[in-house]
Amino acid sequence: SLSFSSSSPSSSSPLGRKDRQTLASAVRDENGEMYAPPAANLIKQAPAGTMPGSVMAPRTSAELDPEDPRVVKERLWSLCSSYLPGDVNSLQHSIVTHVEYTLARRRYKHHIETFYQATAHSVRDRLIERWMDTQMHYTSKDCKRVYYLSMEYLIGRSLSNAMHNLGLSSNYARALRRLGYDLEECALEECDPALGNGGLGRLASCFLDSAATLGLPVWGYGIRYKYGMFEQKLFPGKGQMEQPDYWLTRGHPWEVERMDVQYPVRFYGHVVAYPSVSGAQHGFRYSWEGGQVV
(Lines give C-alpha, C1' and ligand atoms only; values in the text may rest on other atoms or scores of the structure.)
Protein backbone atom coordinates (compact mmCIF):
# COMPACT_ATOMS: atom_id res chain seq x y z
CA SER A 1 0.00 0.00 0.00
CA LEU A 2 0.98 3.61 -0.47
CA SER A 3 0.02 6.75 1.42
CA PHE A 4 0.65 10.45 0.90
CA SER A 5 0.18 13.37 3.23
CA SER A 6 -1.07 16.69 1.93
CA SER A 7 1.25 18.65 4.25
CA SER A 8 3.46 20.90 2.18
CA PRO A 9 6.22 23.11 3.65
CA SER A 10 6.07 26.75 2.82
CA SER A 11 9.08 28.69 1.69
CA SER A 12 8.29 31.14 4.48
CA SER A 13 8.89 28.54 7.19
CA PRO A 14 11.67 29.56 9.61
CA LEU A 15 14.88 27.64 9.09
CA GLY A 16 16.57 28.55 12.38
CA ARG A 17 14.11 27.21 14.93
CA LYS A 18 10.83 25.33 15.00
CA ASP A 19 7.82 27.57 15.39
CA ARG A 20 5.52 25.52 17.59
CA GLN A 21 3.32 28.41 18.65
CA THR A 22 0.54 27.07 16.42
CA LEU A 23 0.52 23.82 18.37
CA ALA A 24 -1.89 23.35 21.21
CA SER A 25 -0.43 23.36 24.70
CA ALA A 26 -0.78 19.58 24.99
CA VAL A 27 -0.28 16.67 22.64
CA ARG A 28 -1.06 13.00 23.04
CA ASP A 29 1.88 10.61 23.24
CA GLU A 30 2.10 7.06 21.90
CA ASN A 31 0.41 5.68 25.04
CA GLY A 32 -2.55 8.00 24.72
CA GLU A 33 -1.43 10.23 27.58
CA MET A 34 -1.58 13.99 27.28
CA TYR A 35 1.77 15.74 27.53
CA ALA A 36 2.34 19.50 27.61
CA PRO A 37 5.91 20.34 26.50
CA PRO A 38 7.50 23.10 28.57
CA ALA A 39 7.71 26.44 26.78
CA ALA A 40 11.43 26.65 27.53
CA ASN A 41 12.03 23.57 25.39
CA LEU A 42 10.22 24.85 22.31
CA ILE A 43 13.14 27.09 21.42
CA LYS A 44 16.76 26.46 22.31
CA GLN A 45 17.77 29.05 24.85
CA ALA A 46 19.62 29.44 28.13
CA PRO A 47 17.63 28.74 31.31
CA ALA A 48 15.93 31.78 32.83
CA GLY A 49 18.15 33.77 35.19
CA THR A 50 21.45 32.33 33.97
CA MET A 51 24.19 33.47 31.66
CA PRO A 52 26.37 31.28 29.44
CA GLY A 53 29.02 29.70 31.63
CA SER A 54 27.31 30.58 34.88
CA VAL A 55 26.45 28.10 37.62
CA MET A 56 22.84 26.96 37.51
CA ALA A 57 20.66 26.75 40.55
CA PRO A 58 20.36 23.31 42.19
CA ARG A 59 17.68 21.13 40.67
CA THR A 60 15.10 19.02 42.43
CA SER A 61 15.46 15.27 42.78
CA ALA A 62 12.84 14.76 40.08
CA GLU A 63 14.85 16.89 37.65
CA LEU A 64 18.01 14.96 38.48
CA ASP A 65 16.41 11.57 37.84
CA PRO A 66 17.43 10.74 34.24
CA GLU A 67 14.78 8.02 34.00
CA ASP A 68 11.88 10.13 35.18
CA PRO A 69 9.28 10.02 32.33
CA ARG A 70 8.78 13.76 32.48
CA VAL A 71 12.49 14.48 32.30
CA VAL A 72 12.90 12.06 29.39
CA LYS A 73 10.09 13.71 27.41
CA GLU A 74 11.44 17.18 28.07
CA ARG A 75 14.90 16.06 26.94
CA LEU A 76 13.46 14.66 23.70
CA TRP A 77 11.61 17.90 23.01
CA SER A 78 14.75 19.91 23.67
CA LEU A 79 16.85 17.81 21.28
CA CYS A 80 14.22 18.20 18.54
CA SER A 81 13.61 21.91 19.04
CA SER A 82 15.51 23.30 16.02
CA TYR A 83 15.18 22.91 12.29
CA LEU A 84 18.18 21.73 10.31
CA PRO A 85 20.12 24.72 8.93
CA GLY A 86 19.76 25.70 5.28
CA ASP A 87 22.93 27.66 4.59
CA VAL A 88 25.28 26.53 1.83
CA ASN A 89 28.00 25.09 4.10
CA SER A 90 25.48 23.13 6.17
CA LEU A 91 23.85 21.73 3.02
CA GLN A 92 27.25 20.66 1.70
CA HIS A 93 27.97 18.84 4.94
CA SER A 94 24.52 17.22 4.87
CA ILE A 95 25.00 15.94 1.32
CA VAL A 96 28.47 14.53 1.98
CA THR A 97 27.25 12.94 5.22
CA HIS A 98 24.53 11.08 3.33
CA VAL A 99 27.06 10.01 0.68
CA GLU A 100 29.27 8.42 3.32
CA TYR A 101 26.83 7.20 5.97
CA THR A 102 23.44 6.70 4.30
CA LEU A 103 24.69 5.36 0.96
CA ALA A 104 28.00 3.94 2.27
CA ARG A 105 29.94 5.23 -0.74
CA ARG A 106 33.71 5.48 -0.62
CA ARG A 107 35.17 8.97 -0.72
CA TYR A 108 37.15 8.46 -3.92
CA LYS A 109 34.40 6.72 -5.90
CA HIS A 110 31.46 9.03 -6.50
CA HIS A 111 28.97 9.20 -9.35
CA ILE A 112 26.32 11.78 -10.19
CA GLU A 113 23.61 9.25 -9.24
CA THR A 114 25.21 9.02 -5.79
CA PHE A 115 24.98 12.78 -5.35
CA TYR A 116 21.38 12.82 -6.54
CA GLN A 117 20.50 10.21 -3.90
CA ALA A 118 22.43 12.05 -1.19
CA THR A 119 20.86 15.40 -2.11
CA ALA A 120 17.39 13.84 -2.08
CA HIS A 121 17.99 12.42 1.40
CA SER A 122 19.23 15.80 2.59
CA VAL A 123 16.09 17.50 1.29
CA ARG A 124 13.91 14.76 2.74
CA ASP A 125 15.42 15.36 6.20
CA ARG A 126 14.15 18.92 6.06
CA LEU A 127 10.76 17.87 4.75
CA ILE A 128 10.26 15.26 7.46
CA GLU A 129 10.76 17.63 10.40
CA ARG A 130 8.14 19.99 8.98
CA TRP A 131 5.86 17.07 8.14
CA MET A 132 6.11 15.84 11.74
CA ASP A 133 5.23 19.29 13.08
CA THR A 134 2.22 19.38 10.74
CA GLN A 135 0.95 16.03 12.00
CA MET A 136 1.47 17.11 15.62
CA HIS A 137 -0.53 20.25 14.92
CA TYR A 138 -3.45 18.27 13.47
CA THR A 139 -3.32 15.82 16.37
CA SER A 140 -3.29 18.60 18.97
CA LYS A 141 -6.32 20.22 17.31
CA ASP A 142 -8.11 16.86 17.13
CA CYS A 143 -9.48 17.84 13.72
CA LYS A 144 -11.24 15.60 11.24
CA ARG A 145 -9.16 14.30 8.37
CA VAL A 146 -9.94 13.41 4.78
CA TYR A 147 -8.74 10.11 3.29
CA TYR A 148 -8.59 10.10 -0.50
CA LEU A 149 -8.35 6.75 -2.30
CA SER A 150 -7.08 6.39 -5.86
CA MET A 151 -5.69 3.54 -7.95
CA GLU A 152 -3.21 5.95 -9.55
CA TYR A 153 -1.06 8.94 -8.59
CA LEU A 154 0.97 10.79 -11.21
CA ILE A 155 3.04 12.85 -8.80
CA GLY A 156 6.07 13.54 -10.97
CA ARG A 157 9.61 14.06 -9.75
CA SER A 158 10.07 15.42 -6.26
CA LEU A 159 13.57 16.89 -5.90
CA SER A 160 13.14 20.26 -7.61
CA ASN A 161 9.59 20.69 -6.30
CA ALA A 162 10.62 20.01 -2.69
CA MET A 163 13.58 22.38 -2.89
CA HIS A 164 11.35 25.11 -4.26
CA ASN A 165 8.77 24.63 -1.48
CA LEU A 166 11.53 24.83 1.12
CA GLY A 167 13.00 27.95 -0.47
CA LEU A 168 16.39 26.23 -0.75
CA SER A 169 16.84 25.76 -4.52
CA SER A 170 19.52 28.44 -4.80
CA ASN A 171 21.49 27.23 -1.78
CA TYR A 172 21.41 23.60 -2.90
CA ALA A 173 22.57 24.64 -6.39
CA ARG A 174 25.52 26.51 -4.88
CA ALA A 175 26.33 23.66 -2.49
CA LEU A 176 26.41 21.10 -5.29
CA ARG A 177 28.39 23.43 -7.56
CA ARG A 178 31.11 23.70 -4.91
CA LEU A 179 31.20 19.90 -4.80
CA GLY A 180 31.62 19.70 -8.57
CA TYR A 181 28.06 18.84 -9.58
CA ASP A 182 25.20 20.65 -11.29
CA LEU A 183 21.77 20.65 -9.66
CA GLU A 184 19.87 20.28 -12.92
CA GLU A 185 21.99 17.31 -13.96
CA CYS A 186 21.47 15.68 -10.57
CA ALA A 187 17.71 16.22 -10.84
CA LEU A 188 17.69 14.34 -14.16
CA GLU A 189 18.84 11.21 -12.31
CA GLU A 190 15.47 10.95 -10.55
CA CYS A 191 13.00 8.41 -11.94
CA ASP A 192 9.35 9.29 -12.28
CA PRO A 193 7.36 7.24 -9.73
CA ALA A 194 5.46 4.71 -11.83
CA LEU A 195 2.31 4.96 -9.77
CA GLY A 196 -0.07 6.01 -12.51
CA ASN A 197 -0.50 7.61 -15.90
CA GLY A 198 -3.05 9.75 -17.65
CA GLY A 199 -5.75 12.01 -16.29
CA LEU A 200 -6.82 9.93 -13.28
CA GLY A 201 -3.34 9.85 -11.73
CA ARG A 202 -2.69 13.52 -12.40
CA LEU A 203 -6.08 14.54 -11.04
CA ALA A 204 -5.48 12.59 -7.81
CA SER A 205 -2.13 14.30 -7.32
CA CYS A 206 -3.67 17.71 -8.01
CA PHE A 207 -6.24 17.04 -5.29
CA LEU A 208 -3.43 16.50 -2.78
CA ASP A 209 -1.51 19.55 -4.02
CA SER A 210 -4.62 21.69 -3.62
CA ALA A 211 -5.28 20.31 -0.13
CA ALA A 212 -1.70 21.12 0.89
CA THR A 213 -2.03 24.66 -0.47
CA LEU A 214 -5.25 25.17 1.50
CA GLY A 215 -3.76 23.62 4.65
CA LEU A 216 -6.31 20.80 4.80
CA PRO A 217 -5.50 17.57 6.71
CA VAL A 218 -5.75 15.10 3.83
CA TRP A 219 -4.16 11.70 3.30
CA GLY A 220 -4.04 9.93 -0.05
CA TYR A 221 -4.02 6.14 -0.22
CA GLY A 222 -3.09 4.09 -3.27
CA ILE A 223 -1.15 1.09 -4.52
CA ARG A 224 2.65 0.94 -4.57
CA TYR A 225 3.22 -0.74 -7.92
CA LYS A 226 6.55 -2.51 -7.61
CA TYR A 227 7.00 -2.68 -11.38
CA GLY A 228 4.94 0.37 -12.23
CA MET A 229 1.76 0.45 -14.24
CA PHE A 230 3.72 -0.51 -17.35
CA GLU A 231 6.33 0.94 -19.69
CA GLN A 232 5.62 1.31 -23.39
CA LYS A 233 8.37 0.80 -25.97
CA LEU A 234 8.48 0.64 -29.77
CA PHE A 235 10.34 -2.21 -31.47
CA PRO A 236 11.11 -2.41 -35.23
CA GLY A 237 8.74 -4.84 -36.90
CA LYS A 238 6.87 -5.53 -33.66
CA GLY A 239 5.23 -2.21 -32.96
CA GLN A 240 4.37 -1.12 -29.42
CA MET A 241 4.97 -3.49 -26.54
CA GLU A 242 4.41 -3.16 -22.80
CA GLN A 243 7.13 -3.98 -20.30
CA PRO A 244 7.55 -3.69 -16.52
CA ASP A 245 8.74 -0.30 -15.34
CA TYR A 246 11.66 -0.99 -12.98
CA TRP A 247 11.43 2.39 -11.26
CA LEU A 248 12.52 1.04 -7.86
CA THR A 249 15.75 -0.59 -9.04
CA ARG A 250 17.94 2.12 -7.47
CA GLY A 251 15.63 2.75 -4.54
CA HIS A 252 13.33 5.69 -3.96
CA PRO A 253 14.59 8.20 -1.36
CA TRP A 254 11.22 9.98 -1.09
CA GLU A 255 9.33 7.09 0.46
CA VAL A 256 9.30 6.09 4.12
CA GLU A 257 8.76 2.36 4.28
CA ARG A 258 6.62 1.10 7.13
CA MET A 259 7.50 -2.60 7.05
CA ASP A 260 5.62 -3.16 10.32
CA VAL A 261 2.34 -1.78 8.96
CA GLN A 262 0.10 -4.02 6.86
CA TYR A 263 -3.46 -3.59 5.65
CA PRO A 264 -5.40 -6.72 4.63
CA VAL A 265 -7.30 -6.33 1.35
CA ARG A 266 -10.52 -8.27 0.96
CA PHE A 267 -11.75 -9.39 -2.44
CA TYR A 268 -15.39 -10.28 -2.99
CA GLY A 269 -17.43 -11.01 0.14
CA HIS A 270 -20.54 -9.23 1.33
CA VAL A 271 -21.69 -6.66 3.89
CA VAL A 272 -23.52 -7.87 6.99
CA ALA A 273 -25.64 -5.54 9.14
CA TYR A 274 -25.73 -6.10 12.91
CA PRO A 275 -27.97 -4.31 15.42
CA SER A 276 -25.92 -1.59 17.09
CA VAL A 277 -25.91 -0.81 20.78
CA SER A 278 -23.81 2.36 20.43
CA GLY A 279 -26.39 4.49 18.70
CA ALA A 280 -24.82 4.31 15.25
CA GLN A 281 -26.65 5.53 12.17
CA HIS A 282 -29.96 3.71 11.61
CA GLY A 283 -29.21 1.55 14.64
CA PHE A 284 -26.90 -0.85 12.77
CA ARG A 285 -23.21 -1.53 12.47
CA TYR A 286 -21.81 -3.03 9.29
CA SER A 287 -19.13 -5.66 8.69
CA TRP A 288 -17.51 -6.79 5.44
CA GLU A 289 -17.25 -10.57 5.60
CA GLY A 290 -16.47 -13.54 3.41
CA GLY A 291 -14.43 -13.50 0.22
CA GLN A 292 -10.65 -13.70 0.10
CA VAL A 293 -8.20 -11.74 2.25
CA VAL A 294 -4.82 -10.90 0.70
# chains A, B, ... in the order shown; residues from 1 in each chain; ligands from 1
call {"tool": "select_by_dssp", "arguments": {"residues": "range 82-210 of chain A", "states": "strand (DSSP E)", "output": "count of residues only"}}
result
4
call {"tool": "residues_around", "arguments": {"residues": "Gly201 in chain A", "least_positions_apart": "3", "cutoff": "12 Å", "atoms": "only C-alpha atoms", "output": "ChimeraX atom specification"}}
result
/A:149-156,193-198,204-208,220,222-223,229
call {"tool": "atom_distance", "arguments": {"atom1": "CA of Pro244 in chain A", "atom2": "CA of Tyr227 in chain A"}}
result
5.3 Å
call {"tool": "atom_distance", "arguments": {"atom1": "CA of Leu176 in chain A", "atom2": "CA of Cys80 in chain A"}}
result
26.9 Å
call {"tool": "closest_residue", "arguments": {"among": "A:Glu190, A:Glu289, A:Glu74, A:Glu113", "to": "Ser160 in chain A", "atoms": "only C-alpha atoms"}}
result
A:Glu190
call {"tool": "select_by_dssp", "arguments": {"residues": "range 161-282 of chain A", "states": "alpha helix (DSSP H)", "output": "PyMOL selection string"}}
result
chain A and resi 161-166+169-178+183-187+198-214
call {"tool": "closest_residue", "arguments": {"among": "A:Glu100, A:Ser90, A:Trp288, A:Val293", "to": "Tyr274 in chain A", "atoms": "only C-alpha atoms"}}
result
A:Trp288
call {"tool": "atom_distance", "arguments": {"atom1": "CA of Ser122 in chain A", "atom2": "CA of Lys73 in chain A"}}
result
26.5 Å
call {"tool": "closest_residue", "arguments": {"among": "A:Val123, A:Ser78, A:Ala118, A:Leu91", "to": "Ala104 in chain A", "atoms": "only C-alpha atoms"}}
result
A:Ala118
call {"tool": "closest_residue", "arguments": {"among": "A:Glu242, A:Lys109, A:Tyr116, A:Tyr172", "to": "His93 in chain A", "atoms": "only C-alpha atoms"}}
result
A:Tyr172
call {"tool": "residues_around", "arguments": {"residues": "Val271 in chain A", "least_positions_apart": "5", "cutoff": "12 Å", "atoms": "only C-alpha atoms", "output": "mmCIF file with N, CA and C atoms, in the first residue's frame"}}
result
data_model
loop_
_atom_site.group_PDB
_atom_site.id
_atom_site.type_symbol
_atom_site.label_atom_id
_atom_site.label_comp_id
_atom_site.auth_asym_id
_atom_site.auth_seq_id
_atom_site.Cartn_x
_atom_site.Cartn_y
_atom_site.Cartn_z
ATOM 1 N N ARG A 266 -9.532 -7.216 1.140
ATOM 2 C CA ARG A 266 -10.524 -8.275 0.962
ATOM 3 C C ARG A 266 -11.143 -8.179 -0.435
ATOM 4 N N PHE A 284 -27.612 0.334 13.220
ATOM 5 C CA PHE A 284 -26.901 -0.852 12.772
ATOM 6 C C PHE A 284 -25.410 -0.552 12.671
ATOM 7 N N ARG A 285 -24.624 -1.602 12.809
ATOM 8 C CA ARG A 285 -23.206 -1.526 12.468
ATOM 9 C C ARG A 285 -22.961 -2.528 11.346
ATOM 10 N N TYR A 286 -21.988 -2.240 10.495
ATOM 11 C CA TYR A 286 -21.807 -3.031 9.286
ATOM 12 C C TYR A 286 -20.427 -3.677 9.269
ATOM 13 N N SER A 287 -20.368 -4.903 8.755
ATOM 14 C CA SER A 287 -19.130 -5.655 8.692
ATOM 15 C C SER A 287 -18.982 -6.290 7.312
ATOM 16 N N TRP A 288 -17.805 -6.170 6.748
ATOM 17 C CA TRP A 288 -17.510 -6.787 5.443
ATOM 18 C C TRP A 288 -16.945 -8.178 5.716
ATOM 19 N N GLU A 289 -17.623 -9.196 5.284
ATOM 20 C CA GLU A 289 -17.254 -10.568 5.599
ATOM 21 C C GLU A 289 -17.210 -11.423 4.351
ATOM 22 N N GLY A 290 -16.572 -12.605 4.515
ATOM 23 C CA GLY A 290 -16.467 -13.541 3.414
ATOM 24 C C GLY A 290 -15.414 -13.131 2.409
ATOM 25 N N GLY A 291 -15.383 -13.823 1.279
ATOM 26 C CA GLY A 291 -14.432 -13.503 0.225
ATOM 27 C C GLY A 291 -13.027 -13.965 0.553
#
